[in-house]
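Encoded as structure tokens, the structure appears first; notes follow it.
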Amino acid sequence: MEQSSSDATESNQVSLGYDIIYYLLAECVNEPGTILNFCRASKRCYELYIRILYRHNVLYGGCSALPWAAKKGNLGLVRKILEIPYMEEFASTAIWNQALKIAQIKDNVGLAEMLFGVKAVQTLIQNAAAVLAGRRVYLPYEFPPLDDDNHLLLKPMFEAAWKGQQNFIKLYLPYVSVDLHDSQSWTLLHYAVASGHNSLIKLLKEEHNANPDLHHHAYYRPIDLAAQHDHSRTVELLLSYGVDPCYKGTSISIAFLLAVSEGRENVVKLFLKDDRIDPNARNDEIRIGGLIGTPLELAISKGRVGVVRLLLDDARLNPNGRDNRGRPPLVLAATNCLCKSRGEAILDMLLKDKRVDFTARDLDGNNACLAAVKKAYYDRTRMILEAGKIDPNEGDKFGETPAMYAAQHNNRILKLLIEDKRVDLNKKSNSGDTALLRATRMNMTEHVALLLKSRRVNVDQPDNGGNTPMIWACRNWDSVTAALLLKTGSVNLEKKSNIGCTPLMIAVGYAAPSEPYAERIAEMILDTGHDLLDVRYDNGFTLLECAVAQCSEKIVVKLLKTGKVIVTPEAMELCRIDAFKCLLWEYQKRYWRTRRYICL
């Protein structure tokens with residue numbers, strides 16, 4: 001026994017150097033007599049040499065031929081290769097994996113049966129399954145170490161489950177657990193369910209007692225995959241096995257949410273018949289697949305028209321539930337569907353549902369009409385206005401109405417709102433803005449023209465700063481808007497802002513040769529015959545003094561020609577151009593006044 005143990009130890013030590021010994025004998029020792037003498041030296045030397053020859057034959061002969069024979073389906077040749085002495089001992093894991101993979105791809109059960117008849121293959125698969133399951137594996141010294149190739153031995157099994165290759169799966173099941181899962185926590189049942197192979201599902205569950213309700217971390221259960229891939233019969237089969245459609249005893253069904261999100265109408269119908277499914281259940285906790293919210297929210301945001309119809313047909317559904325941003329479904333449908341046609345179809349269904357609260361707003365105070373206008377959705381805004389169920393004058397938390405946003409951004413929607421007689425175009429926001437004030441302040445000339453053409457706007461309505469549309473046109477040097485406002489003949493040019501400025505004072509304050517638009521506005525105001533010229537700025541300066549300081553010859557001449565301005569000493573001293581002094585001396589009619597400094 002001691003000698004035997006010593007021989008085994010020596011054998012193990014020598015076996016580590018097979019390649020070196022083979023090189024020495026095959027390459028360095030060229031004389032046949034020398035090799036013969038080596039083999040005749042002892043029985044041990046003879047056995048060593050024979051094993052070296054067999055190992056070389058396996059690695060560079062039999063192993064290289066095995067994949068080729070497997071691809072050709074030549075089972076006779078495969079059988080002969082497997083009968084090569086020491087094939088099991090010296091063949092690498094990669095070779096067995098390659099052969100198994102070919103058998104699975106070709107669906108060659110006969111080839112697979114031959115491979116599974118090899119003890120080494122059985123052991124490798126068992127060890128790979130143990131490692132994948134997280135168990136420690138102790139291998140004999142002569143057994144090849146476990147590496148990534150060992151896990152690949154199990155890949156054909158999972159691929160076979162995906163393709164429904166039952167006979168191939170049966171070969172694996174004696175050596176692995178039916179509930180063994182791969183790196184993404186999918187078991188054989190997961191793959192069979194995802195691909196809809198019901199016969200394989202029955203085999204795994206009824207003959208091998210596979211667990212149909214496995215929970216692996218944050219991954220889908222089999223029923224979730226069946227719902228996601230629209231396998232309604234598979235869902236029925238799993239439910240018949242007692243699978244709970246809800247997640248870990250909660251009222252939330254990930255399977256139902258997946259079916260809703262993916263638009264799987266047949267599966268949704270099936271789930272809605274199950275009393276355990278709550279169509280109003282909100283998912284804010286289970287972070288799987290981004291399925292956050294209620295089923296109705298998901299269906300609207302994904303544009304699943306058929307699913308929305310099914311949900312609305314369910315009497316249990318509350319069509320006024322809010323998402324985590326406080327948006328009711330009606331507001332969500334008005335703004336948050338990527339597909340135009342599907343979004344409009346969903347909005348139309350909600351507008352016709354009597355259970356829907358048409359006054360509902362989101363956290364920012366937007367109702368469906370205002371939300372659609374803010375998103376510049378013309379057709380959805382038109383649908384909402386035509387339905388006549390939503391107030392088009394309701395503002396958001398800042399009091400800003402649809403008309404104000406349309407006046408700033410979109411003339412097509414503004415036309416829609418103007419045509420609707422319910423729309424109050426003069427309604428003010430918290431800052432005092434109206435639609436006309438917003439359009440004027442933002443230099444939206446075309447929108448100003450539309451509003452003025454409606455004859456439903458107050459051209460003198462000021463904001464909280466006392467600024468009228470005309471004052472804003474002057475402040476923005478917008479001569480086109482100013483001309484449109486003056487053309488109405490309704491502008492009160494004597495109206496002052498909170499800082500005491502009339503439109504003319506603002507225009508003159510900006511008028512200069514370098515600012516021709518401001519000069520043009522001042523000229524237009526003076527051409528109307530406006531005679532409130534005896535006014536002063538807060539710093540005490542008159543209109544003439546301001547025009548002189550700005551070196552605006554056009555405005556100085558216009559003011560002097562009115563005969564209603566006073567040439568003050570300050571105006572004379574502010575002259576930086578000699579021609580201005582001549583004009584002022586020529587039209588001087590009053591006495592000099594106290595000098596003041598200009599400060600606009």
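Starting from 1 in every chain, residues are counted up; chains themselves are A, B, ... following the order of the structure tokens, and ligands are numbered from 1 as listed.
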Per residue of stretch 212-305 of chain A within 8 Å of stretch 312-317 of chain A, which atom pair is closest and at what distance in Å (one decimal), using only C-alpha atoms, listed by chain and increasing number, as CSV?
```
residue,atom,partner,partner_atom,distance
A:Leu272,CA,A:Asp314,CA,7.8
A:Pro279,CA,A:Leu317,CA,5.9
A:Asn280,CA,A:Leu317,CA,6.0
```
Expected file: the selected residues, N, CA and C atoms, as a short mmCIF file (atom, residue, chain, number, x, y, z; two decimals), in the first residue's frame:
```
data_model
loop_
_atom_site.label_atom_id
_atom_site.label_comp_id
_atom_site.auth_asym_id
_atom_site.auth_seq_id
_atom_site.Cartn_x
_atom_site.Cartn_y
_atom_site.Cartn_z
N LEU A 272 -58.01 41.04 -16.02
CA LEU A 272 -59.14 41.82 -15.50
C LEU A 272 -60.28 40.93 -15.02
N PRO A 279 -57.27 47.05 -10.74
CA PRO A 279 -56.89 47.94 -11.85
C PRO A 279 -56.47 49.33 -11.41
N ASN A 280 -56.64 49.63 -10.11
CA ASN A 280 -56.25 50.95 -9.61
C ASN A 280 -54.97 50.91 -8.78
#
```
Exercise: stretch 189-205 of chain A partners within 10 Å, only C-alpha atoms, chain neighbours under 4 positions left out, as JSON, numbers by chain: {"A": [158, 159, 160, 161, 162, 163, 164, 165, 166, 167, 169, 170, 173, 178, 179, 180, 181, 185, 209, 210, 211, 212, 213, 214, 220, 221, 222, 223, 224, 225, 226, 227, 228, 229, 230, 231, 232, 233, 234, 235, 237, 238, 241]}
Please determine, counting only C-alpha atoms, which residue among A:Gly365, A:Leu171, A:Tyr517, A:Val423 has the shortest atom-to-atom distance to A:Val109. A:Leu171
Got a sec: who's within 10 Å of A:Lys374, counting only C-alpha atoms, leaving out chain neighbours fewer than 6 positions off, as a PyMOL selection string? chain A and resi 335+366+368+381+401-402+404-406+409-410
Return as a PyMOL selection string the full set of residues in stretch 156-400 of chain A whose backbone-based DSSP assignment is helix (DSSP H, G or I). chain A and resi 156-163+166-172+188-194+198-207+222-228+232-240+254-262+265-272+295-302+305-313+329-335+340-352+368-374+378-387
Just the residues within 8 Å of A:Ala518, please, counting only C-alpha atoms, with nothing from its chain fewer than 3 positions along; format it as a list of chain:residue names. A:Cys474, A:Trp477, A:Asp478, A:Ser479, A:Ala507, A:Val508, A:Tyr510, A:Ala511, A:Ala512, A:Glu515, A:Ile521, A:Ala522
Those same residues - N, CA and C atoms - I'd like them written as a short mmCIF file (atom, residue, chain, number, x, y, z; two decimals), in the first residue's frame.
```cif
data_model
loop_
_atom_site.label_atom_id
_atom_site.label_comp_id
_atom_site.auth_asym_id
_atom_site.auth_seq_id
_atom_site.Cartn_x
_atom_site.Cartn_y
_atom_site.Cartn_z
N CYS A 474 -43.29 100.49 -26.65
CA CYS A 474 -42.26 101.55 -26.60
C CYS A 474 -41.00 101.07 -25.90
N TRP A 477 -39.00 98.97 -28.26
CA TRP A 477 -38.68 99.61 -29.54
C TRP A 477 -39.36 98.88 -30.69
N ASP A 478 -40.56 98.35 -30.44
CA ASP A 478 -41.28 97.57 -31.45
C ASP A 478 -42.22 98.50 -32.21
N SER A 479 -41.71 99.09 -33.27
CA SER A 479 -42.49 100.08 -34.02
C SER A 479 -43.68 99.45 -34.75
N ALA A 507 -40.77 106.42 -25.22
CA ALA A 507 -40.21 106.44 -26.57
C ALA A 507 -39.15 107.51 -26.71
N VAL A 508 -39.42 108.71 -26.18
CA VAL A 508 -38.43 109.79 -26.26
C VAL A 508 -37.20 109.44 -25.44
N TYR A 510 -35.79 106.66 -25.11
CA TYR A 510 -34.93 105.74 -25.86
C TYR A 510 -34.53 106.30 -27.22
N ALA A 511 -35.24 107.32 -27.69
CA ALA A 511 -35.01 107.83 -29.05
C ALA A 511 -33.61 108.41 -29.19
N ALA A 512 -32.91 108.00 -30.24
CA ALA A 512 -31.56 108.48 -30.53
C ALA A 512 -31.24 108.08 -31.96
N GLU A 515 -30.91 104.53 -32.31
CA GLU A 515 -32.10 103.73 -32.03
C GLU A 515 -33.25 104.24 -32.89
N ILE A 521 -41.29 105.34 -33.21
CA ILE A 521 -42.46 105.25 -32.33
C ILE A 521 -42.84 106.62 -31.80
N ALA A 522 -41.83 107.39 -31.35
CA ALA A 522 -42.11 108.74 -30.84
C ALA A 522 -42.74 109.61 -31.92
#
```
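If you look at atom CA of A:Asp420 and atom CA of A:Leu332, they are 23.4 Å away from each other.
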Quick one: everything within 12 Å of A:Val491, counting only C-alpha atoms, minus sequence neighbours fewer than 6 positions away in the same chain. Send it as a PDB file with N, CA and C atoms, in the first residue's frame.
```
ATOM      1  N   LEU A 452     -55.864  91.913 -31.831  1.00  0.00           N
ATOM      2  CA  LEU A 452     -56.521  93.189 -32.146  1.00  0.00           C
ATOM      3  C   LEU A 452     -57.644  92.993 -33.155  1.00  0.00           C
ATOM      4  N   VAL A 457     -60.230  92.540 -27.122  1.00  0.00           N
ATOM      5  CA  VAL A 457     -59.164  92.821 -26.155  1.00  0.00           C
ATOM      6  C   VAL A 457     -59.190  94.292 -25.758  1.00  0.00           C
ATOM      7  N   ASN A 458     -58.816  94.550 -24.528  1.00  0.00           N
ATOM      8  CA  ASN A 458     -58.705  95.913 -24.004  1.00  0.00           C
ATOM      9  C   ASN A 458     -57.281  96.394 -24.239  1.00  0.00           C
ATOM     10  N   VAL A 459     -57.112  97.370 -25.139  1.00  0.00           N
ATOM     11  CA  VAL A 459     -55.762  97.808 -25.524  1.00  0.00           C
ATOM     12  C   VAL A 459     -55.100  98.657 -24.452  1.00  0.00           C
ATOM     13  N   ASP A 460     -55.846  99.066 -23.439  1.00  0.00           N
ATOM     14  CA  ASP A 460     -55.274  99.920 -22.391  1.00  0.00           C
ATOM     15  C   ASP A 460     -55.170  99.214 -21.045  1.00  0.00           C
ATOM     16  N   GLN A 461     -55.432  97.918 -21.018  1.00  0.00           N
ATOM     17  CA  GLN A 461     -55.384  97.195 -19.745  1.00  0.00           C
ATOM     18  C   GLN A 461     -53.935  97.046 -19.297  1.00  0.00           C
ATOM     19  N   PRO A 462     -53.568  97.576 -18.111  1.00  0.00           N
ATOM     20  CA  PRO A 462     -52.169  97.531 -17.660  1.00  0.00           C
ATOM     21  C   PRO A 462     -51.878  96.271 -16.851  1.00  0.00           C
ATOM     22  N   THR A 468     -49.080  99.433 -19.996  1.00  0.00           N
ATOM     23  CA  THR A 468     -50.072  99.049 -20.992  1.00  0.00           C
ATOM     24  C   THR A 468     -49.364  98.408 -22.184  1.00  0.00           C
ATOM     25  N   PRO A 469     -50.116  97.776 -23.089  1.00  0.00           N
ATOM     26  CA  PRO A 469     -49.479  97.229 -24.291  1.00  0.00           C
ATOM     27  C   PRO A 469     -48.670  98.271 -25.061  1.00  0.00           C
ATOM     28  N   MET A 470     -49.167  99.513 -25.122  1.00  0.00           N
ATOM     29  CA  MET A 470     -48.434 100.561 -25.843  1.00  0.00           C
ATOM     30  C   MET A 470     -47.119 100.886 -25.144  1.00  0.00           C
ATOM     31  N   ILE A 471     -47.145 100.900 -23.827  1.00  0.00           N
ATOM     32  CA  ILE A 471     -45.904 101.165 -23.086  1.00  0.00           C
ATOM     33  C   ILE A 471     -44.895 100.046 -23.334  1.00  0.00           C
ATOM     34  N   ALA A 482     -46.397  98.935 -32.181  1.00  0.00           N
ATOM     35  CA  ALA A 482     -46.903 100.264 -31.823  1.00  0.00           C
ATOM     36  C   ALA A 482     -47.839 100.795 -32.903  1.00  0.00           C
ATOM     37  N   ALA A 483     -47.473 100.590 -34.159  1.00  0.00           N
ATOM     38  CA  ALA A 483     -48.321 101.050 -35.265  1.00  0.00           C
ATOM     39  C   ALA A 483     -49.663 100.321 -35.258  1.00  0.00           C
ATOM     40  N   LEU A 484     -49.632  99.004 -34.986  1.00  0.00           N
ATOM     41  CA  LEU A 484     -50.880  98.238 -34.919  1.00  0.00           C
ATOM     42  C   LEU A 484     -51.784  98.746 -33.800  1.00  0.00           C
ATOM     43  N   LEU A 485     -51.201  99.046 -32.656  1.00  0.00           N
ATOM     44  CA  LEU A 485     -51.989  99.544 -31.525  1.00  0.00           C
ATOM     45  C   LEU A 485     -52.570 100.921 -31.821  1.00  0.00           C
ATOM     46  N   THR A 502     -45.586 108.091 -19.583  1.00  0.00           N
ATOM     47  CA  THR A 502     -46.517 107.820 -20.670  1.00  0.00           C
ATOM     48  C   THR A 502     -45.763 107.096 -21.785  1.00  0.00           C
ATOM     49  N   PRO A 503     -46.481 106.532 -22.761  1.00  0.00           N
ATOM     50  CA  PRO A 503     -45.780 105.898 -23.882  1.00  0.00           C
ATOM     51  C   PRO A 503     -44.807 106.840 -24.583  1.00  0.00           C
ATOM     52  N   ILE A 525     -46.411 108.662 -32.391  1.00  0.00           N
ATOM     53  CA  ILE A 525     -47.264 109.172 -31.308  1.00  0.00           C
ATOM     54  C   ILE A 525     -47.526 110.661 -31.497  1.00  0.00           C
ATOM     55  N   THR A 528     -50.114 111.603 -34.092  1.00  0.00           N
ATOM     56  CA  THR A 528     -51.532 111.416 -33.758  1.00  0.00           C
ATOM     57  C   THR A 528     -52.159 112.683 -33.208  1.00  0.00           C
ATOM     58  N   HIS A 530     -51.147 113.914 -30.291  1.00  0.00           N
ATOM     59  CA  HIS A 530     -51.037 113.800 -28.838  1.00  0.00           C
ATOM     60  C   HIS A 530     -50.424 115.082 -28.282  1.00  0.00           C
TER      61      HIS A 530
END
```
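Remark: for A:Leu298, the closest of the candidate residues A:Ala549, A:Leu559, A:Leu258, A:Leu350 is A:Leu258 (distances computed over only C-alpha atoms).
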Using atom CA of A:Arg441 and atom CA of A:Lys495 as the two end points, give the distance in Å to one decimal. 17.3 Å
Compare A:Leu188, A:Ala360, A:Val121, A:Ile418 by their minimum atom-to-atom distance to A:Glu394, counting only C-alpha atoms, and give me the closest one. A:Ala360
Neighbour list for A:Lys558 as a PyMOL selection string, cut-off 8 Å, only C-alpha atoms, skip fewer than 4 positions in-chain: chain A and resi 523+526+554+562
Of A:Val305, A:Val356, A:Val260, A:Leu310, the one sitting nearest A:Gly343 when using only C-alpha atoms is A:Val305
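Picture a line from atom CA of A:Ile413 to atom CA of A:Gly303; it runs 23.3 Å.
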Closest of A:Asp424, A:Asp433, A:Asp379, A:Glu419 to A:Leu450 - atom-to-atom distances counting only C-alpha atoms: A:Glu419
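When only C-alpha atoms are used to measure the gap to A:Lys273, the shortest distance among A:Gly321, A:Asp531, A:Ile346, A:Phe256 belongs to A:Phe256.
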